[in-house]
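For reference, the structure is listed below as structure tokens.
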Amino acid sequence: MMRVRGWRKTVYHTALWLVALIFFAPIAWIILGAFKTRSGILATPPLLIFTPTLDNFIDLFSRRNIPGYFLNSFVMSLSAMVIAIVVSFMAAYAFSRFKPRITNFLMFMLLSIRMVPAVAVVVPVYLMYAAIGWKNSYIGLILFYAMFSIPFSVWILKGFLDGVSQRYDETALVNGGTRWHVLFRVVLPQVAPGLVAAFIFNLIFVWNEFLFNLILGGRDTTMIPVAFSTDLYSDGGLNWTFIAAMATAYMIPPIILVYVFQKYLLVGMTFGTVRGEV
Amino acid sequence: MQAESTERIAYAAPRTRGLMRGRAFLVRLLNDIRVFPALLLIPVLIFFILWNVIPTLWMIGLSFYKYSLMSPNERFLGLRNYNDILNDVQVWASLGRTFVWVFAGVSIQTALGFLLGLLFWGSRDMPGRRIALTMLFAPMIITPIAAGAFFQLIYEPTFGVVNWVVRQFGGNVNLLGDTNLAFGAVLFVDIWMWTPFMILITLAALGSVPKAELEAAEVDRLPWLQRFRHIILPNAKFILMLGILLRTIDSFKTLDLIYLMTRGGPGNTTDLIALLLRRQAFEALEFGWASALALILLLTAIAFTSIYLYILNLSSKRQEA
């Protein structure tokens with residue numbers, strides 16, 4: 001571990017900040033762009049100092065479809081997550097405490113779903129949805145997203161549940177609690193951090209998801225990433241002020257979530273297989 | 001009125017008692033050691049069977065057929081689709097590009113991420129650390145689609161920043177329109193997005209090195225290179241390998257970013273396997289062929305997963321020891 005003192009410490013911290021700023025620069029650039037006028041964003045040389053305007057955001061949210069797309073993103077990611085977390089918590093508890101014979105097999109299959117290229121997963125589901133008429137339906141997409149979030153949540157929650165002593169369960173049972181009481185009132189609070197981590201990172205995943213929405217969704221169920229690939233063009237070219245404003249509005253929530261829940265970042269980005277903090 | 005209500009109670013009582021018995025039975029049943037785990041697993045099994053087992057079986061079946069949404073009649077082909085795929089020049093070219101993409105991307109991300117991770121190792125008391133780390137990790141949190149969209153602006157030949165800088169030196173580049181440059185330009189965005197992930201992994205890996213060993217090395221005044229080889233690397237190895245493997249798998253799956261930035265073009269220069277599969281399935285609507293390719297990718301992914309779990313097991317055994 002590096003031990004530095006005095007002015008060298010200042011240099012070291014400045015260097016760290018510089019690295020962070022370099023990685024953030026493209027995002028900062030687009031956020032700046034969102035507050036520029038149309039001629040400002042296209043100016044050469046690039047403008048660093050300008051009078052900020054909110055027109056792009058006003059234009060963005062006054063377009064007929066856009067507020068609905070944002071709402072779709074909210075509704076679908078939140079409802080898929082609630083379903084996924086409840087289902088996963090119950091499954092993870094069963095895997096952790098009762099260790100049924102299918103545990104290893106199921107845990108393996110669940111993980112491999114996340115490893116498969118999304119487009120390979122979506123081919124058969126597309127055919128199935130086309131057959132039962134679930135294409136472009138909320139229920140179809142929400143359940144699909146829930147399914148896709150379950151593997152990750154089961155993995156992460158099983159890790160946390162394995163860390164909770166069985167004594168808690170036993171004590172509560174001896175004292176006359178039902179198994180359901182133990183599950184939701186005794187064990188659940190113990191793994192709150194795991195629930196939060198699973199919730200946040202699945203939420204971000206669905207929020208950012210593109211391909212499933214493109215293929216299984218339709219006009220009513222479009223979320224913003226798909227809108228990016230279809231609504232960008234206006235006046236024959238790419239509409240840059242619109243792109244900048246939409247990207248900014250869409251990126252801000254995940255970035256805030258990561259700021260607030262930074263200590264779960266590691267567990268969240270590794271399917272819950274690497275534990276710890278940074 | 002009084003009589004009526006007494007009567008009602010008199011009628012109600014036995015029914016309530018029956019209900020209570022029913023409820024007690026239900027509580028006992030739900031609480032039963034054999035029933036309870038099964039109930040916990042039913043929802044996940046329903047999801048698993050409906051969204052994985054059935055579609056996968058369907059896909060396996062389809063892969064033996066010529067099944068196209070364009071022409072309604074399907075025809076049994078046996079293994080012809082697989083044979084076609086294995087003899088398809090485009091598939092091999094795509095796989096080759098995907099291999100280069102994964103190899104170049106992951107190795108640069110790993111090298112850069114590891115070095116920067118080492119740099120950030122002693123950052124516990126840096127001022128504004130939380131904000132700095134949020135900024136550092138932001139690229140991997142935003143949707144690849146937004147990243148693709150604004151890098152298009154940054155790469156734009158007429159008013160993009162990159163070409164503005166290049167023009168100051170008398171050059172002129174159209175990064176996404178040039179067959180020689182597009183692959184590198186898109187790969188750069190991928191590296192920008194995922195190097196922070198390897199920094200994160202490196203920090204976790206370095207965090208798993210026992211403090212006592214590091215302090216012992218400090219006392220013994222072990223040279224840095226030796227410390228690195230004998231203390232840091234053996235301890236950090238497993239988490240690093242997990243990170244690299246996760247990145248390899250994710251990189252193999254890349255679609256969003258390229259789809260938005262170039263759609264596989266110009267020419268075929270950025271056409272990775274996932275894009276090819278999407279085109280064959282959802283533009284050419286050749287579902288039989290696409291199912292066969294999807295199945296091949298599925299098996300590849302399962303192989304990757306097995307390696308991943310193998311390393312994961314090794315590392316947890318190590319931690320217990």
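Letters A, B, ... mark the chains of the structure tokens in the order given; residue numbers begin at 1 per chain; ligand numbers begin at 1, in order shown.
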
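Considering only region 167-205 of chain B, backbone DSSP assigns helix (DSSP H, G or I) to Arg167, Gln168, Ala182, Phe183, Gly184, Ala185, Val186, Leu187, Phe188, Val189, Asp190, Ile191, Trp192, Met193, Trp194, Thr195, Pro196, Phe197, Met198, Ile199, Leu200, Ile201, Thr202, Leu203, Ala204 and Ala205 of chain B.
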
Would you put the residues from that selection into a file with N, CA, C and O atoms, as an mmCIF file, in the first residue's frame?
data_model
loop_
_atom_site.group_PDB
_atom_site.id
_atom_site.type_symbol
_atom_site.label_atom_id
_atom_site.label_comp_id
_atom_site.auth_asym_id
_atom_site.auth_seq_id
_atom_site.Cartn_x
_atom_site.Cartn_y
_atom_site.Cartn_z
ATOM 1 N N ARG B 167 -8.194 18.144 -37.044
ATOM 2 C CA ARG B 167 -8.056 19.183 -38.059
ATOM 3 C C ARG B 167 -7.029 20.242 -37.667
ATOM 4 O O ARG B 167 -6.377 20.833 -38.516
ATOM 5 N N GLN B 168 -6.884 20.477 -36.358
ATOM 6 C CA GLN B 168 -5.859 21.432 -35.921
ATOM 7 C C GLN B 168 -4.483 20.974 -36.375
ATOM 8 O O GLN B 168 -3.575 21.760 -36.562
ATOM 9 N N ALA B 182 -13.289 2.297 -38.113
ATOM 10 C CA ALA B 182 -14.537 2.143 -37.366
ATOM 11 C C ALA B 182 -14.396 1.144 -36.215
ATOM 12 O O ALA B 182 -14.823 1.416 -35.092
ATOM 13 N N PHE B 183 -13.771 -0.003 -36.486
ATOM 14 C CA PHE B 183 -13.637 -1.036 -35.461
ATOM 15 C C PHE B 183 -12.916 -0.483 -34.231
ATOM 16 O O PHE B 183 -13.394 -0.622 -33.100
ATOM 17 N N GLY B 184 -11.793 0.189 -34.488
ATOM 18 C CA GLY B 184 -11.033 0.764 -33.384
ATOM 19 C C GLY B 184 -11.817 1.827 -32.645
ATOM 20 O O GLY B 184 -11.776 1.913 -31.413
ATOM 21 N N ALA B 185 -12.568 2.629 -33.403
ATOM 22 C CA ALA B 185 -13.320 3.721 -32.788
ATOM 23 C C ALA B 185 -14.393 3.177 -31.850
ATOM 24 O O ALA B 185 -14.597 3.687 -30.751
ATOM 25 N N VAL B 186 -15.081 2.101 -32.287
ATOM 26 C CA VAL B 186 -16.117 1.512 -31.432
ATOM 27 C C VAL B 186 -15.464 0.805 -30.249
ATOM 28 O O VAL B 186 -15.936 0.900 -29.112
ATOM 29 N N LEU B 187 -14.356 0.119 -30.535
ATOM 30 C CA LEU B 187 -13.645 -0.579 -29.454
ATOM 31 C C LEU B 187 -13.194 0.413 -28.382
ATOM 32 O O LEU B 187 -13.234 0.111 -27.189
ATOM 33 N N PHE B 188 -12.803 1.605 -28.824
ATOM 34 C CA PHE B 188 -12.379 2.627 -27.872
ATOM 35 C C PHE B 188 -13.511 2.939 -26.884
ATOM 36 O O PHE B 188 -13.278 3.055 -25.683
ATOM 37 N N VAL B 189 -14.720 3.039 -27.400
ATOM 38 C CA VAL B 189 -15.857 3.334 -26.520
ATOM 39 C C VAL B 189 -16.049 2.190 -25.524
ATOM 40 O O VAL B 189 -16.283 2.405 -24.337
ATOM 41 N N ASP B 190 -15.912 0.964 -26.016
ATOM 42 C CA ASP B 190 -16.054 -0.197 -25.140
ATOM 43 C C ASP B 190 -14.984 -0.173 -24.041
ATOM 44 O O ASP B 190 -15.272 -0.454 -22.876
ATOM 45 N N ILE B 191 -13.773 0.180 -24.441
ATOM 46 C CA ILE B 191 -12.679 0.251 -23.459
ATOM 47 C C ILE B 191 -12.962 1.356 -22.445
ATOM 48 O O ILE B 191 -12.780 1.166 -21.242
ATOM 49 N N TRP B 192 -13.441 2.473 -22.941
ATOM 50 C CA TRP B 192 -13.796 3.569 -22.035
ATOM 51 C C TRP B 192 -14.871 3.118 -21.040
ATOM 52 O O TRP B 192 -14.814 3.424 -19.847
ATOM 53 N N MET B 193 -15.853 2.355 -21.541
ATOM 54 C CA MET B 193 -16.943 1.939 -20.660
ATOM 55 C C MET B 193 -16.496 0.926 -19.622
ATOM 56 O O MET B 193 -16.986 0.916 -18.503
ATOM 57 N N TRP B 194 -15.607 0.002 -20.016
ATOM 58 C CA TRP B 194 -15.368 -1.152 -19.151
ATOM 59 C C TRP B 194 -14.047 -1.177 -18.417
ATOM 60 O O TRP B 194 -13.840 -2.016 -17.549
ATOM 61 N N THR B 195 -13.127 -0.253 -18.734
ATOM 62 C CA THR B 195 -11.919 -0.159 -17.921
ATOM 63 C C THR B 195 -12.264 0.114 -16.455
ATOM 64 O O THR B 195 -11.688 -0.508 -15.565
ATOM 65 N N PRO B 196 -13.227 0.991 -16.173
ATOM 66 C CA PRO B 196 -13.613 1.194 -14.776
ATOM 67 C C PRO B 196 -14.015 -0.102 -14.076
ATOM 68 O O PRO B 196 -13.744 -0.278 -12.889
ATOM 69 N N PHE B 197 -14.619 -1.025 -14.814
ATOM 70 C CA PHE B 197 -14.987 -2.301 -14.198
ATOM 71 C C PHE B 197 -13.732 -3.045 -13.740
ATOM 72 O O PHE B 197 -13.700 -3.598 -12.634
ATOM 73 N N MET B 198 -12.705 -3.045 -14.577
ATOM 74 C CA MET B 198 -11.482 -3.732 -14.167
ATOM 75 C C MET B 198 -10.782 -2.992 -13.032
ATOM 76 O O MET B 198 -10.109 -3.601 -12.214
ATOM 77 N N ILE B 199 -10.954 -1.667 -12.965
ATOM 78 C CA ILE B 199 -10.422 -0.928 -11.809
ATOM 79 C C ILE B 199 -11.128 -1.404 -10.542
ATOM 80 O O ILE B 199 -10.497 -1.707 -9.525
ATOM 81 N N LEU B 200 -12.441 -1.510 -10.639
ATOM 82 C CA LEU B 200 -13.249 -1.971 -9.506
ATOM 83 C C LEU B 200 -12.804 -3.358 -9.054
ATOM 84 O O LEU B 200 -12.603 -3.619 -7.865
ATOM 85 N N ILE B 201 -12.641 -4.260 -10.047
ATOM 86 C CA ILE B 201 -12.214 -5.620 -9.741
ATOM 87 C C ILE B 201 -10.821 -5.624 -9.109
ATOM 88 O O ILE B 201 -10.564 -6.329 -8.132
ATOM 89 N N THR B 202 -9.931 -4.807 -9.664
ATOM 90 C CA THR B 202 -8.573 -4.750 -9.126
ATOM 91 C C THR B 202 -8.605 -4.277 -7.677
ATOM 92 O O THR B 202 -7.913 -4.844 -6.818
ATOM 93 N N LEU B 203 -9.424 -3.270 -7.398
ATOM 94 C CA LEU B 203 -9.519 -2.777 -6.024
ATOM 95 C C LEU B 203 -10.015 -3.882 -5.090
ATOM 96 O O LEU B 203 -9.504 -4.047 -3.979
ATOM 97 N N ALA B 204 -11.004 -4.659 -5.567
ATOM 98 C CA ALA B 204 -11.508 -5.762 -4.739
ATOM 99 C C ALA B 204 -10.427 -6.801 -4.541
ATOM 100 O O ALA B 204 -10.234 -7.339 -3.441
ATOM 101 N N ALA B 205 -9.691 -7.103 -5.620
ATOM 102 C CA ALA B 205 -8.646 -8.117 -5.549
ATOM 103 C C ALA B 205 -7.553 -7.674 -4.578
ATOM 104 O O ALA B 205 -7.104 -8.442 -3.723
#

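For Trp17 (chain A), the list of residues within 9 Å, based on only C-alpha atoms and with local chain neighbours fewer than 6 positions off taken out, reads B:Met126, B:Gly128, B:Arg129, B:Ala132, B:Leu133, B:Leu136.
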
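Between Ile42 (chain B) and the residues A:Val87, A:Ala118, A:Leu188, A:Ile150, the shortest atom-to-atom distance, using only C-alpha atoms, involves A:Val87.
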
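Straight-line separation from CA of Phe74 (chain A) to CA of Ile252 (chain A): 13.5 Å.
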
Of A:Ala94, A:Ala192, A:Ile142, A:Leu78, the one nearest to chain B when counting only C-alpha atoms is A:Ala94

Which neighbours of region 46-57 of chain A fall inside 6 Å, counting only C-alpha atoms, when residues of the same chain fewer than 4 positions from it are skipped, and could you give them as a PyMOL selection string? chain A and resi 35-36+245

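The nearest approach to chain B among the residues A:Thr230, A:Thr171, A:Asn65, A:Thr178, with only C-alpha atoms taken into account, belongs to A:Thr178.
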
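Counting only C-alpha atoms and comparing B:Ile307, B:Ile142, B:Ile296, B:Arg75, the residue that lies closest to Val121 (chain A) is B:Ile296.
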